[in-house]
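Peer 1: Input file: upload.cif. Contents: mmCIF, C-alpha atoms.
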data_protein
loop_
_atom_site.label_atom_id
_atom_site.label_comp_id
_atom_site.auth_asym_id
_atom_site.auth_seq_id
_atom_site.Cartn_x
_atom_site.Cartn_y
_atom_site.Cartn_z
CA MET I 1 -91.26 123.94 -79.12
CA GLY I 2 -94.11 126.09 -77.80
CA TYR I 3 -94.74 128.11 -80.97
CA VAL I 4 -97.18 127.68 -83.88
CA ASN I 5 -95.53 129.03 -87.02
CA THR I 6 -96.79 126.67 -89.71
CA ILE I 7 -99.93 124.65 -90.37
CA ARG I 8 -97.91 121.52 -89.51
CA ASP I 9 -97.13 122.98 -86.09
CA LEU I 10 -100.85 123.67 -85.62
CA GLU I 11 -101.76 120.10 -86.54
CA ALA I 12 -99.12 118.78 -84.15
CA ALA I 13 -100.49 120.94 -81.31
CA THR I 14 -104.08 119.95 -82.07
CA TYR I 15 -103.68 116.25 -82.76
CA GLY I 16 -100.63 115.45 -80.65
CA LEU I 17 -98.68 114.38 -83.74
CA PRO I 18 -94.93 114.97 -84.14
CA ALA I 19 -94.23 118.00 -86.30
CA PHE I 20 -92.25 115.79 -88.69
CA GLY I 21 -95.08 113.29 -89.08
CA GLY I 22 -96.49 114.56 -92.35
CA ASN I 23 -99.84 116.08 -93.20
CA SER I 24 -102.08 113.18 -92.18
CA LEU I 25 -105.04 114.22 -90.06
CA LEU I 26 -106.25 112.31 -87.04
CA LYS I 27 -107.91 108.99 -87.88
CA GLN I 28 -109.81 106.89 -85.37
CA ALA I 29 -112.90 104.74 -85.14
CA GLY I 30 -115.98 106.84 -84.79
CA THR I 31 -119.72 106.98 -84.61
CA VAL I 32 -122.73 107.53 -86.81
CA GLY I 33 -125.62 109.92 -86.80
CA GLY I 34 -129.34 109.78 -87.18
CA LEU I 35 -129.68 106.01 -86.72
CA HIS I 36 -132.08 105.05 -83.97
CA THR I 37 -133.63 101.67 -84.87
CA GLY I 38 -132.26 98.16 -85.03
CA HIS I 39 -134.58 96.79 -87.73
CA SER I 40 -137.03 98.09 -90.23
CA ILE I 41 -140.50 97.00 -89.11
CA THR I 42 -142.37 97.97 -92.23
CA ASP I 43 -143.09 94.32 -92.98
CA ALA I 44 -145.67 92.31 -91.06
CA GLY I 45 -144.48 90.99 -87.72
CA ALA I 46 -142.37 92.55 -85.07
CA SER I 47 -139.23 90.88 -86.43
CA GLY I 48 -139.73 92.38 -89.89
CA VAL I 49 -139.29 88.92 -91.46
CA THR I 50 -142.11 87.21 -93.36
CA ASN I 51 -142.67 83.85 -95.10
CA ILE I 52 -140.26 81.92 -92.87
CA GLY I 53 -141.98 78.67 -93.74
CA ASP I 54 -141.65 78.75 -97.53
CA SER I 55 -138.71 78.90 -99.91
CA THR I 56 -138.75 82.68 -100.30
CA GLY I 57 -138.07 83.06 -96.60
CA MET I 58 -134.96 80.88 -96.85
CA TYR I 59 -133.08 83.42 -98.93
CA ASN I 60 -132.28 87.00 -98.07
CA GLN I 61 -130.19 89.49 -99.96
CA LEU I 62 -126.84 90.14 -98.29
CA TYR I 63 -125.68 93.70 -98.67
CA GLY I 64 -122.18 93.25 -97.29
CA GLN I 65 -120.05 95.43 -95.07
CA LYS I 66 -119.51 98.16 -97.61
CA VAL I 67 -121.39 101.32 -98.49
CA TRP I 68 -120.87 102.49 -102.06
CA SER I 69 -121.18 106.22 -102.48
CA MET I 70 -123.31 107.46 -105.37
CA LEU I 71 -122.16 111.01 -104.80
CA ASN I 72 -119.30 113.12 -106.06
CA ARG I 73 -117.60 114.10 -102.80
CA GLU I 74 -114.64 116.07 -104.18
CA VAL I 75 -113.53 119.15 -102.27
CA ASN I 76 -111.20 120.73 -104.80
CA ALA I 77 -111.68 124.39 -103.84
CA LEU I 78 -110.89 123.57 -100.23
CA ALA I 79 -107.87 121.50 -101.23
CA MET I 80 -106.37 124.14 -103.53
CA LEU I 81 -106.20 126.90 -100.91
CA SER I 82 -103.07 127.04 -98.79
CA LYS I 83 -103.70 126.59 -95.05
CA ARG I 84 -102.07 128.94 -92.59
CA PRO I 85 -102.27 129.05 -88.80
CA TYR I 86 -104.48 131.83 -87.46
CA THR I 87 -101.73 133.72 -85.61
CA SER I 88 -103.18 137.24 -85.75
CA SER I 89 -106.58 138.83 -86.24
CA GLY I 90 -105.51 141.35 -88.84
CA TRP I 91 -102.93 142.39 -91.37
CA ARG I 92 -101.74 145.57 -93.07
CA ILE I 93 -101.87 146.25 -96.77
CA LEU I 94 -99.98 148.80 -98.83
CA LYS I 95 -102.76 150.44 -100.82
CA SER I 96 -100.98 153.39 -102.41
CA ARG I 97 -97.42 154.29 -103.41
CA PRO I 98 -95.61 157.28 -101.84
CA PHE I 99 -96.13 158.88 -105.23
CA GLY I 100 -97.63 157.66 -108.50
CA GLY I 101 -101.02 156.49 -107.25
CA SER I 102 -102.33 153.00 -106.55
CA GLY I 103 -102.82 151.58 -110.03
CA ALA I 104 -101.06 148.60 -111.52
CA THR I 105 -98.55 150.98 -113.13
CA MET I 106 -97.07 154.15 -111.68
CA ALA I 107 -99.06 157.19 -112.78
CA ILE I 108 -96.76 159.89 -114.21
CA ASP I 109 -97.81 163.17 -115.84
CA ILE I 110 -95.89 163.95 -119.02
CA THR I 111 -97.86 167.05 -120.07
CA GLY I 112 -96.61 169.54 -117.48
CA ASP I 113 -100.14 170.07 -116.19
CA THR I 114 -100.13 172.22 -113.04
CA THR I 115 -103.72 171.60 -111.92
CA GLY I 116 -104.99 169.11 -109.39
CA SER I 117 -104.03 169.51 -105.75
CA GLY I 118 -102.28 166.38 -104.49
CA VAL I 119 -102.13 164.94 -107.99
CA VAL I 120 -99.13 166.61 -109.60
CA GLY I 121 -96.04 167.68 -107.69
CA ILE I 122 -93.71 165.87 -105.30
CA GLY I 123 -95.54 163.01 -103.62
CA GLY I 124 -98.61 163.45 -105.83
CA SER I 125 -100.73 160.65 -107.19
CA ALA I 126 -99.57 161.56 -110.73
CA PRO I 127 -96.37 163.64 -110.41
CA HIS I 128 -94.60 165.25 -113.34
CA ALA I 129 -92.04 163.10 -115.11
CA ASP I 130 -89.28 165.36 -113.73
CA GLN I 131 -90.55 165.04 -110.13
CA ILE I 132 -90.04 161.37 -109.42
CA GLY I 133 -86.62 161.42 -107.81
CA GLY I 134 -84.09 163.22 -109.96
CA VAL I 135 -82.41 166.00 -107.91
CA PRO I 136 -79.61 168.52 -108.60
CA GLU I 137 -76.17 168.48 -107.04
CA ASN I 138 -76.18 169.68 -103.43
CA ALA I 139 -79.98 169.60 -103.39
CA GLY I 140 -81.60 171.22 -100.39
CA LEU I 141 -83.68 168.99 -98.15
CA SER I 142 -87.42 169.70 -98.18
CA THR I 143 -86.91 172.03 -101.12
CA SER I 144 -89.54 171.50 -103.77
CA ALA I 145 -87.54 173.41 -106.36
CA ASP I 146 -84.81 170.80 -105.96
CA GLY I 147 -87.30 167.94 -106.17
CA LEU I 148 -87.27 166.96 -102.49
CA GLY I 149 -90.22 166.90 -100.13
CA SER I 150 -91.91 164.68 -97.59
CA MET I 151 -93.97 161.77 -98.87
CA ALA I 152 -95.20 158.45 -97.53
CA PRO I 153 -97.06 155.36 -98.71
CA THR I 154 -100.63 154.72 -97.58
CA TYR I 155 -101.56 151.60 -95.64
CA ALA I 156 -104.84 149.95 -94.74
CA GLN I 157 -105.65 147.65 -91.85
CA LEU I 158 -107.89 144.64 -92.38
CA PHE I 159 -109.05 142.04 -89.88
CA MET I 160 -111.17 138.91 -89.70
CA SER I 161 -112.65 136.56 -87.13
CA PRO I 162 -112.55 132.77 -87.47
CA LYS I 163 -115.78 131.03 -88.41
CA THR I 164 -116.88 127.87 -86.60
CA ILE I 165 -118.11 125.10 -88.88
CA ALA I 166 -119.69 122.15 -87.05
CA HIS I 167 -121.81 119.10 -87.85
CA GLN I 168 -123.41 116.98 -85.13
CA PHE I 169 -124.72 113.46 -85.44
CA ASP I 170 -125.89 110.73 -83.08
CA ILE I 171 -126.76 107.04 -82.86
CA SER I 172 -128.73 104.98 -80.42
CA GLU I 173 -127.23 102.16 -78.39
CA LEU I 174 -129.63 99.71 -80.01
CA ALA I 175 -128.55 100.66 -83.52
CA MET I 176 -124.89 100.23 -82.61
CA GLU I 177 -125.47 96.76 -81.19
CA MET I 178 -127.78 95.52 -83.96
CA ALA I 179 -125.24 96.53 -86.61
CA GLN I 180 -122.98 93.77 -85.30
CA ILE I 181 -125.40 90.94 -86.07
CA ASP I 182 -127.55 89.64 -88.94
CA ASP I 183 -126.63 91.29 -92.23
CA GLY I 184 -125.21 94.33 -90.48
CA LEU I 185 -122.43 96.62 -91.51
CA GLY I 186 -120.19 95.51 -88.71
CA ASP I 187 -118.55 98.60 -87.28
CA ILE I 188 -121.25 100.91 -88.53
CA ARG I 189 -119.86 103.72 -86.43
CA ALA I 190 -116.60 103.80 -88.34
CA ILE I 191 -118.37 103.69 -91.71
CA ILE I 192 -120.81 106.50 -91.04
CA ARG I 193 -118.18 108.53 -89.25
CA GLU I 194 -116.10 108.47 -92.44
CA ASP I 195 -119.05 109.62 -94.53
CA MET I 196 -119.89 112.36 -92.04
CA GLY I 197 -116.28 113.51 -92.18
CA LYS I 198 -116.53 113.77 -95.95
CA ALA I 199 -119.78 115.71 -95.62
CA HIS I 200 -118.05 118.09 -93.19
CA ALA I 201 -115.32 118.78 -95.77
CA GLU I 202 -117.81 118.97 -98.64
CA ALA I 203 -119.83 121.63 -96.81
CA GLN I 204 -116.70 123.75 -96.35
CA ASN I 205 -115.92 123.37 -100.04
CA ALA I 206 -119.43 124.58 -100.93
CA MET I 207 -119.01 127.62 -98.66
CA LEU I 208 -115.84 128.63 -100.50
CA VAL I 209 -117.66 128.86 -103.85
CA MET I 210 -121.02 130.10 -102.56
CA PRO I 211 -122.63 132.21 -105.32
CA LEU I 212 -122.26 135.96 -105.02
CA GLN I 213 -126.03 136.33 -105.23
CA VAL I 214 -126.62 134.76 -101.81
CA TYR I 215 -124.97 137.75 -100.14
CA GLY I 216 -127.65 139.90 -101.73
CA GLU I 217 -130.41 137.90 -100.03
CA VAL I 218 -130.02 139.49 -96.61
CA ALA I 219 -133.66 139.07 -95.61
CA ALA I 220 -133.84 135.40 -96.51
CA LEU I 221 -130.28 134.39 -95.61
CA ALA I 222 -129.57 136.47 -92.54
CA ASP I 223 -126.94 134.05 -91.21
CA ILE I 224 -124.86 133.66 -94.38
CA GLU I 225 -121.88 135.37 -92.72
CA ARG I 226 -121.56 132.42 -90.31
CA ASN I 227 -120.03 130.50 -93.22
CA TYR I 228 -116.53 130.97 -94.57
CA THR I 229 -116.37 134.06 -96.75
CA SER I 230 -116.88 132.80 -100.29
CA LEU I 231 -114.13 133.17 -102.88
CA MET I 232 -116.84 134.59 -105.14
CA LYS I 233 -117.21 137.49 -102.69
CA VAL I 234 -113.49 137.94 -102.00
CA VAL I 235 -112.75 137.98 -105.74
CA SER I 236 -115.26 140.69 -106.61
CA SER I 237 -115.22 144.44 -107.20
CA ARG I 238 -117.27 147.59 -106.75
CA ALA I 239 -118.07 147.56 -110.48
CA GLU I 240 -119.48 144.02 -110.24
CA ILE I 241 -121.57 144.89 -107.17
CA LEU I 242 -123.03 147.94 -108.91
CA ALA I 243 -123.73 145.90 -112.06
CA GLY I 244 -125.81 143.44 -110.04
CA ASP I 245 -127.54 146.07 -107.91
CA ASN I 246 -131.19 147.09 -108.06
CA THR I 247 -132.44 143.49 -108.38
CA VAL I 248 -130.44 142.74 -111.56
CA LEU I 249 -128.63 139.94 -109.68
CA PHE I 250 -129.49 140.62 -106.07
CA THR I 251 -133.05 140.51 -104.76
CA ASP I 252 -132.25 143.09 -102.08
CA VAL I 253 -131.36 146.56 -103.31
CA MET I 254 -127.71 146.97 -102.35
CA ASN I 255 -127.53 150.75 -102.47
CA ASP I 256 -125.13 151.58 -99.65
CA ALA I 257 -121.87 150.55 -98.02
CA THR I 258 -123.49 148.68 -95.12
CA ASN I 259 -124.68 145.62 -97.04
CA ASN I 260 -123.09 142.18 -96.87
CA LEU I 261 -121.64 142.44 -100.36
CA ALA I 262 -119.83 145.70 -99.74
CA GLN I 263 -118.39 144.90 -96.32
CA MET I 264 -115.43 142.58 -95.85
CA TYR I 265 -112.46 142.35 -93.47
CA GLY I 266 -113.48 145.55 -91.71
CA GLY I 267 -113.45 147.55 -94.95
CA GLU I 268 -115.94 148.27 -97.69
CA ARG I 269 -115.81 148.61 -101.46
CA PHE I 270 -119.08 150.30 -102.30
CA THR I 271 -118.23 153.98 -101.85
CA GLY I 272 -115.52 154.03 -104.52
CA ALA I 273 -112.99 151.95 -106.41
CA SER I 274 -110.30 150.77 -104.00
CA PHE I 275 -107.46 148.36 -103.33
CA MET I 276 -110.12 145.78 -102.35
CA ASP I 277 -111.31 145.46 -105.94
CA ALA I 278 -110.28 142.23 -107.63
CA THR I 279 -109.79 141.93 -111.39
CA VAL I 280 -113.26 140.94 -112.61
CA ASP I 281 -114.48 140.55 -116.20
CA PHE I 282 -118.28 140.28 -116.38
CA GLY I 283 -118.71 142.05 -119.70
CA ALA I 284 -120.71 145.20 -120.27
CA SER I 285 -123.36 144.40 -117.66
CA TYR I 286 -125.40 141.68 -115.99
CA ALA I 287 -128.56 142.68 -117.83
CA SER I 288 -130.60 140.11 -119.69
CA ALA I 289 -128.98 138.90 -122.95
CA SER I 290 -125.60 140.40 -121.94
CA GLN I 291 -123.91 137.01 -121.71
CA ARG I 292 -120.73 136.54 -123.78
CA SER I 293 -119.32 133.45 -125.43
CA LEU I 294 -116.17 132.24 -123.74
CA THR I 295 -113.17 132.89 -125.98
CA LEU I 296 -109.44 132.37 -125.67
CA THR I 297 -109.10 136.15 -125.87
CA LEU I 298 -111.07 136.50 -122.63
CA LEU I 299 -108.75 134.02 -120.94
CA ASN I 300 -105.58 135.60 -122.31
CA ASN I 301 -106.65 139.12 -121.38
CA MET I 302 -107.42 138.05 -117.80
CA ILE I 303 -104.03 136.36 -117.36
CA GLN I 304 -102.28 139.39 -118.88
CA ASN I 305 -104.16 141.87 -116.67
CA LEU I 306 -103.38 139.87 -113.53
CA ARG I 307 -99.69 139.73 -114.35
CA VAL I 308 -99.56 143.46 -115.12
CA ALA I 309 -101.18 144.06 -111.73
CA GLY I 310 -98.43 142.02 -110.07
CA GLY I 311 -100.39 138.80 -109.60
CA SER I 312 -99.22 135.33 -110.52
CA PRO I 313 -102.18 132.97 -110.96
CA LYS I 314 -101.31 129.54 -109.60
CA VAL I 315 -104.62 127.80 -110.28
CA ILE I 316 -107.87 128.30 -112.18
CA LEU I 317 -111.03 126.99 -110.50
CA THR I 318 -114.03 126.40 -112.74
CA GLY I 319 -116.73 123.87 -113.59
CA TYR I 320 -116.52 120.77 -115.73
CA ASP I 321 -118.62 122.47 -118.42
CA THR I 322 -116.23 125.39 -118.80
CA ILE I 323 -113.21 123.08 -118.99
CA GLN I 324 -114.93 121.22 -121.81
CA THR I 325 -115.63 124.53 -123.59
CA ILE I 326 -111.95 125.48 -123.37
CA ALA I 327 -110.95 122.08 -124.75
CA ASP I 328 -113.35 122.56 -127.68
CA LEU I 329 -111.94 126.04 -128.37
CA LEU I 330 -108.40 124.72 -128.47
CA GLN I 331 -109.30 121.71 -130.59
CA SER I 332 -110.94 123.91 -133.21
CA GLN I 333 -107.57 125.64 -133.63
CA GLU I 334 -105.74 122.31 -133.73
CA ARG I 335 -104.31 122.99 -130.30
CA PHE I 336 -104.77 120.83 -127.27
CA MET I 337 -104.72 121.24 -123.53
CA ASP I 338 -101.50 120.36 -121.80
CA ARG I 339 -101.69 118.18 -118.73
CA LYS I 340 -99.78 118.45 -115.49
CA GLU I 341 -99.44 116.45 -112.31
CA ILE I 342 -100.13 118.32 -109.08
CA ILE I 343 -100.34 117.50 -105.38
CA PRO I 344 -102.81 119.29 -103.08
CA THR I 345 -101.03 120.09 -99.79
CA VAL I 346 -101.64 122.32 -96.79
CA ASN I 347 -99.64 124.93 -98.72
CA GLY I 348 -101.99 124.83 -101.71
CA ILE I 349 -100.81 122.93 -104.78
CA LYS I 350 -97.38 122.01 -106.04
CA GLY I 351 -95.95 120.15 -108.99
CA VAL I 352 -94.92 116.53 -108.75
CA ARG I 353 -91.25 115.71 -108.35
CA GLY I 354 -89.52 112.36 -108.43
CA ALA I 355 -91.66 109.52 -107.11
CA GLU I 356 -94.28 111.71 -105.43
CA VAL I 357 -97.88 110.78 -106.13
CA GLY I 358 -100.28 113.35 -107.54
CA PHE I 359 -103.08 113.54 -110.07
CA ARG I 360 -103.14 114.82 -113.62
CA VAL I 361 -105.15 117.90 -114.54
CA ALA I 362 -105.56 119.99 -117.66
CA THR I 363 -103.61 123.23 -117.83
CA TYR I 364 -103.86 126.51 -119.74
CA TYR I 365 -100.58 128.38 -120.16
CA ASP I 366 -99.20 125.96 -117.56
CA ILE I 367 -101.84 127.02 -115.00
CA PRO I 368 -103.77 124.01 -113.63
CA LEU I 369 -107.49 123.95 -114.43
CA ILE I 370 -109.20 122.48 -111.36
CA PRO I 371 -112.84 121.34 -111.69
CA VAL I 372 -115.17 122.33 -108.85
CA LYS I 373 -118.59 120.70 -109.00
CA GLU I 374 -120.30 123.47 -106.99
CA MET I 375 -118.85 126.27 -109.14
CA PRO I 376 -121.65 128.81 -109.66
CA THR I 377 -122.84 130.43 -112.86
CA THR I 378 -123.12 134.18 -112.31
CA CYS I 379 -125.45 135.75 -114.86
CA ASN I 380 -128.88 137.24 -115.22
CA SER I 381 -131.62 134.76 -114.33
CA ALA I 382 -132.91 135.00 -117.90
CA ASP I 383 -129.59 133.64 -119.19
CA THR I 384 -129.08 130.78 -116.72
CA ALA I 385 -130.04 128.07 -119.21
CA THR I 386 -127.17 128.98 -121.55
CA GLY I 387 -124.60 129.97 -118.94
CA THR I 388 -121.45 128.06 -118.05
CA SER I 389 -119.51 128.03 -114.81
CA ASP I 390 -117.52 131.04 -113.65
CA MET I 391 -113.73 131.01 -113.60
CA LEU I 392 -111.56 131.99 -110.62
CA PHE I 393 -107.88 132.83 -111.22
CA LEU I 394 -106.19 132.56 -107.83
CA ASP I 395 -102.76 133.64 -106.71
CA THR I 396 -102.60 131.28 -103.76
CA ASP I 397 -99.58 133.10 -102.32
CA HIS I 398 -102.01 135.84 -101.33
CA ILE I 399 -105.32 134.07 -100.74
CA TRP I 400 -105.56 131.36 -98.10
CA LEU I 401 -107.57 129.61 -95.41
CA SER I 402 -106.53 130.85 -91.98
CA VAL I 403 -106.99 127.95 -89.54
CA LEU I 404 -107.49 128.53 -85.82
CA LYS I 405 -108.49 124.93 -85.07
CA PRO I 406 -108.07 122.12 -87.63
CA THR I 407 -110.89 119.64 -88.03
CA GLN I 408 -111.45 117.73 -84.80
CA TYR I 409 -113.81 114.90 -83.91
CA PHE I 410 -115.57 114.67 -80.55
CA GLU I 411 -117.71 111.82 -79.24
CA ASP I 412 -119.31 110.90 -75.94
CA GLY I 413 -122.12 108.69 -74.70
CA VAL I 414 -122.93 105.11 -73.77
CA SER I 415 -119.95 103.60 -75.61
CA ASN I 416 -117.66 105.84 -73.60
CA GLY I 417 -119.38 104.99 -70.34
CA ASN I 418 -121.01 108.40 -70.01
CA PRO I 419 -124.67 108.48 -71.13
CA PHE I 420 -125.25 111.35 -68.71
CA GLY I 421 -122.97 113.59 -70.74
CA VAL I 422 -125.27 113.44 -73.77
CA GLY I 423 -128.50 112.86 -71.89
CA ARG I 424 -129.57 109.76 -73.85
CA LEU I 425 -128.96 106.03 -74.25
CA GLY I 426 -126.69 106.43 -77.20
CA ASN I 427 -123.74 108.37 -78.51
CA GLN I 428 -123.44 111.91 -79.83
CA ALA I 429 -120.58 113.09 -82.00
CA LEU I 430 -119.38 116.29 -83.62
CA TYR I 431 -116.98 117.47 -86.29
CA ARG I 432 -115.67 121.00 -85.80
CA THR I 433 -113.34 123.26 -87.79
CA MET I 434 -112.47 126.90 -87.02
CA ALA I 435 -111.07 128.92 -89.92
CA GLU I 436 -111.75 131.77 -92.32
CA THR I 437 -110.76 132.87 -95.83
CA GLY I 438 -108.05 135.55 -96.01
CA CYS I 439 -106.65 137.70 -98.80
CA SER I 440 -103.75 140.15 -98.85
CA PHE I 441 -103.70 141.09 -102.56
CA PHE I 442 -107.12 141.57 -104.13
CA THR I 443 -106.05 142.95 -107.51
CA GLY I 444 -103.93 139.84 -108.06
CA GLN I 445 -107.05 137.63 -107.96
CA GLY I 446 -109.24 137.35 -111.06
CA LYS I 447 -112.69 136.19 -112.09
CA ILE I 448 -114.54 135.73 -115.39
CA THR I 449 -118.33 135.52 -115.18
CA ASN I 450 -121.40 135.97 -117.37
CA ILE I 451 -120.14 133.54 -120.02
CA ALA I 452 -121.75 130.89 -122.21
#
Could I get this structure in the form of structure tokens?
Peer 2:
Amino acid sequence: MGYVNTIRDLEAATYGLPAFGGNSLLKQAGTVGGLHTGHSITDAGASGVTNIGDSTGMYNQLYGQKVWSMLNREVNALAMLSKRPYTSSGWRILKSRPFGGSGATMAIDITGDTTGSGVVGIGGSAPHADQIGGVPENAGLSTSADGLGSMAPTYAQLFMSPKTIAHQFDISELAMEMAQIDDGLGDIRAIIREDMGKAHAEAQNAMLVMPLQVYGEVAALADIERNYTSLMKVVSSRAEILAGDNTVLFTDVMNDATNNLAQMYGGERFTGASFMDATVDFGASYASASQRSLTLTLLNNMIQNLRVAGGSPKVILTGYDTIQTIADLLQSQERFMDRKEIIPTVNGIKGVRGAEVGFRVATYYDIPLIPVKEMPTTCNSADTATGTSDMLFLDTDHIWLSVLKPTQYFEDGVSNGNPFGVGRLGNQALYRTMAETGCSFFTGQGKITNIA
């Protein structure tokens, strides 16, 4: 068809799959990384085998062709975001009405106040109640006395560049061959390739919930902007940045608009409150002992504020500890969490219909509560021991992962008949994804932090 309009089109162009072939990513046998020896030689003898002549040498433990993971490899934050093709570098945002300001509700003056240039009057940020469109019969154009005058909304332009996320690994020819004999894993390349693929996804998941504090460590983490922009940074506000300034949360003093925390998508939110401020509840401050207990009132107020602002939270990301706290709060009132089946897709999450297969999650006011193991706890360092995980309330219609290149796997080396390409007697392989976090409605995203 020649055009990339949806993430499915992008996958088809990247992987050579038919556009109607579903959301399955490319699967193929692969390689492993960091393995360069055929046997451990820690035991006496070059073969690594001792006591061949007695009974203990006649029995060896067989480990089998299976590697059992002892790690939680979930990537829930990554799965919950909708995926969109990266079709343009920027987007425009309506940041102020033609009249009535830029708040969640239209600002209207009902006192008849005549002060404030640009505030009251036709097209003002808080016009009089009788200056918002009512005109007399045969009103004259551009006649202020008749309630008509030029006005226009205000727009902002934001842009972003894709981030390249890559993980390289390699394996020697000897290791590949030795895995086929003795008590080997068989196709060790396929096994380790699968685990490396999971690690590639897990790293992207961790980037999306990277703590806000790391952006205040410019000196120590100078390359943090190479990662995806964290949801903790996207869903933030000027008030939160100022509350953590002067080493309260951030080691570096973030006292101007040029720091990593303030800058995003070509704009900044340090100079003053703006359309880039999300709805954030961190309490009175981030000072020591300012932590609040999580209550149902905090949750209800956040959902209400987001809906008043025009947002529609589709999912709540938080940690396992906070979900347990919510369950305890509801149980104490003889109420219980509802449960809902959802399916993560390239378009975010959706409910289960018919015979579709999903997984059950707890909900609050019918909003899925999704556990994220890397979810940070944003609070003063003195309160970390008692803190619980932050909560992100996401309207996934307006926050997404913009994908330039879906995850691809590359391999070359001896097994492909080209050792010269990698410069060694072995194989080298690479996972690569090119994408970046995007947001078109900041006020519709919410966050609760500094809770216990």
Peer 1: Nearest to I:Thr154: which of I:Leu261, I:Leu298, I:Leu94, I:Val414 is it, counting all atoms listed in the file?
Peer 2: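 Ranking I:Leu261, I:Leu298, I:Leu94, I:Val414 by distance to I:Thr154, first place goes to I:Leu94.
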Peer 1: Mind checking which residues fall within 9 Å of stretch 439-450 of chain I, counting all atoms listed in the file, ignoring those fewer than 2 positions away in the same chain, and posting them as a VMD selection string?
Peer 2: chain I and resid 91 to 93 104 158 232 234 to 236 275 to 283 285 to 286 290 to 293 298 to 299 302 to 303 305 to 307 309 to 313 377 to 380 383 387 to 401 437 452
Peer 1: To test your reading of the syntax: which residues would the PyMOL selection byres ((chain I and resi 296) around 12) return for the file shown? Reply as an NGL selection string.
Peer 2: :I and (293-295 or 297-303 or 322 or 325-333 or 335 or 364-365 or 448)
Peer 1: Go ahead and dump the residues you just picked, C-alpha atoms, as a compact mmCIF listing (two decimals), in the frame of the given file.
Peer 2:
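Contents of out_39.txt, freshly written:
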# COMPACT_ATOMS: atom_id res chain seq x y z
CA SER I 293 -119.32 133.45 -125.43
CA LEU I 294 -116.17 132.24 -123.74
CA THR I 295 -113.17 132.89 -125.98
CA THR I 297 -109.10 136.15 -125.87
CA LEU I 298 -111.07 136.50 -122.63
CA LEU I 299 -108.75 134.02 -120.94
CA ASN I 300 -105.58 135.60 -122.31
CA ASN I 301 -106.65 139.12 -121.38
CA MET I 302 -107.42 138.05 -117.80
CA ILE I 303 -104.03 136.36 -117.36
CA THR I 322 -116.23 125.39 -118.80
CA THR I 325 -115.63 124.53 -123.59
CA ILE I 326 -111.95 125.48 -123.37
CA ALA I 327 -110.95 122.08 -124.75
CA ASP I 328 -113.35 122.56 -127.68
CA LEU I 329 -111.94 126.04 -128.37
CA LEU I 330 -108.40 124.72 -128.47
CA GLN I 331 -109.30 121.71 -130.59
CA SER I 332 -110.94 123.91 -133.21
CA GLN I 333 -107.57 125.64 -133.63
CA ARG I 335 -104.31 122.99 -130.30
CA TYR I 364 -103.86 126.51 -119.74
CA TYR I 365 -100.58 128.38 -120.16
CA ILE I 448 -114.54 135.73 -115.39
Peer 1: Could you write out as an NGL selection string the residues that the PyMOL selection byres ((chain I and resi 241) around 10) matches in the shown file?
Peer 2: :I and (212-213 or 216 or 233 or 236-240 or 242-246 or 249-250 or 254-255 or 261-262 or 269-270)
Peer 1: Would you compute the distance between atom CA of I:Leu81 and atom CA of I:Ser230? Give it in Å to one decimal.
Peer 2: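 Atom CA of I:Ser230 lies 12.2 Å from atom CA of I:Leu81.
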Peer 1: Can you tell me, as a PyMOL selection string, what residues are no more than 10 Å from stretch 429-433 of chain I when counting all atoms listed in the file, ignoring any on the same chain fewer than 6 positions away?
Peer 2: chain I and resi 30-33+162-171+193+196-197+199-201+204+403-413+422
Peer 1: Box time for stretch 405-420 of chain I: axis-aligned, enclosing all its listed atoms, 4 Å extra on each side; report centre and edge lengths in Å to one decimal, as lines of an AutoDock Vina configuration file.
Peer 2:
center_x = -116.7
center_y = 114.3
center_z = -78.4
size_x = 25.2
size_y = 29.3
size_z = 27.3
Peer 1: State, in Å with one decimal place, the distance from atom CA of I:Glu202 to atom CA of I:Asn227.
Peer 2: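 That distance, rounded to one decimal, is 12.9 Å.
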Peer 1: Any idea what the distance is between atom CA of I:Leu78 and atom CA of I:Leu208?
Peer 2: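 Separation between atom CA of I:Leu78 and atom CA of I:Leu208: 7.1 Å.
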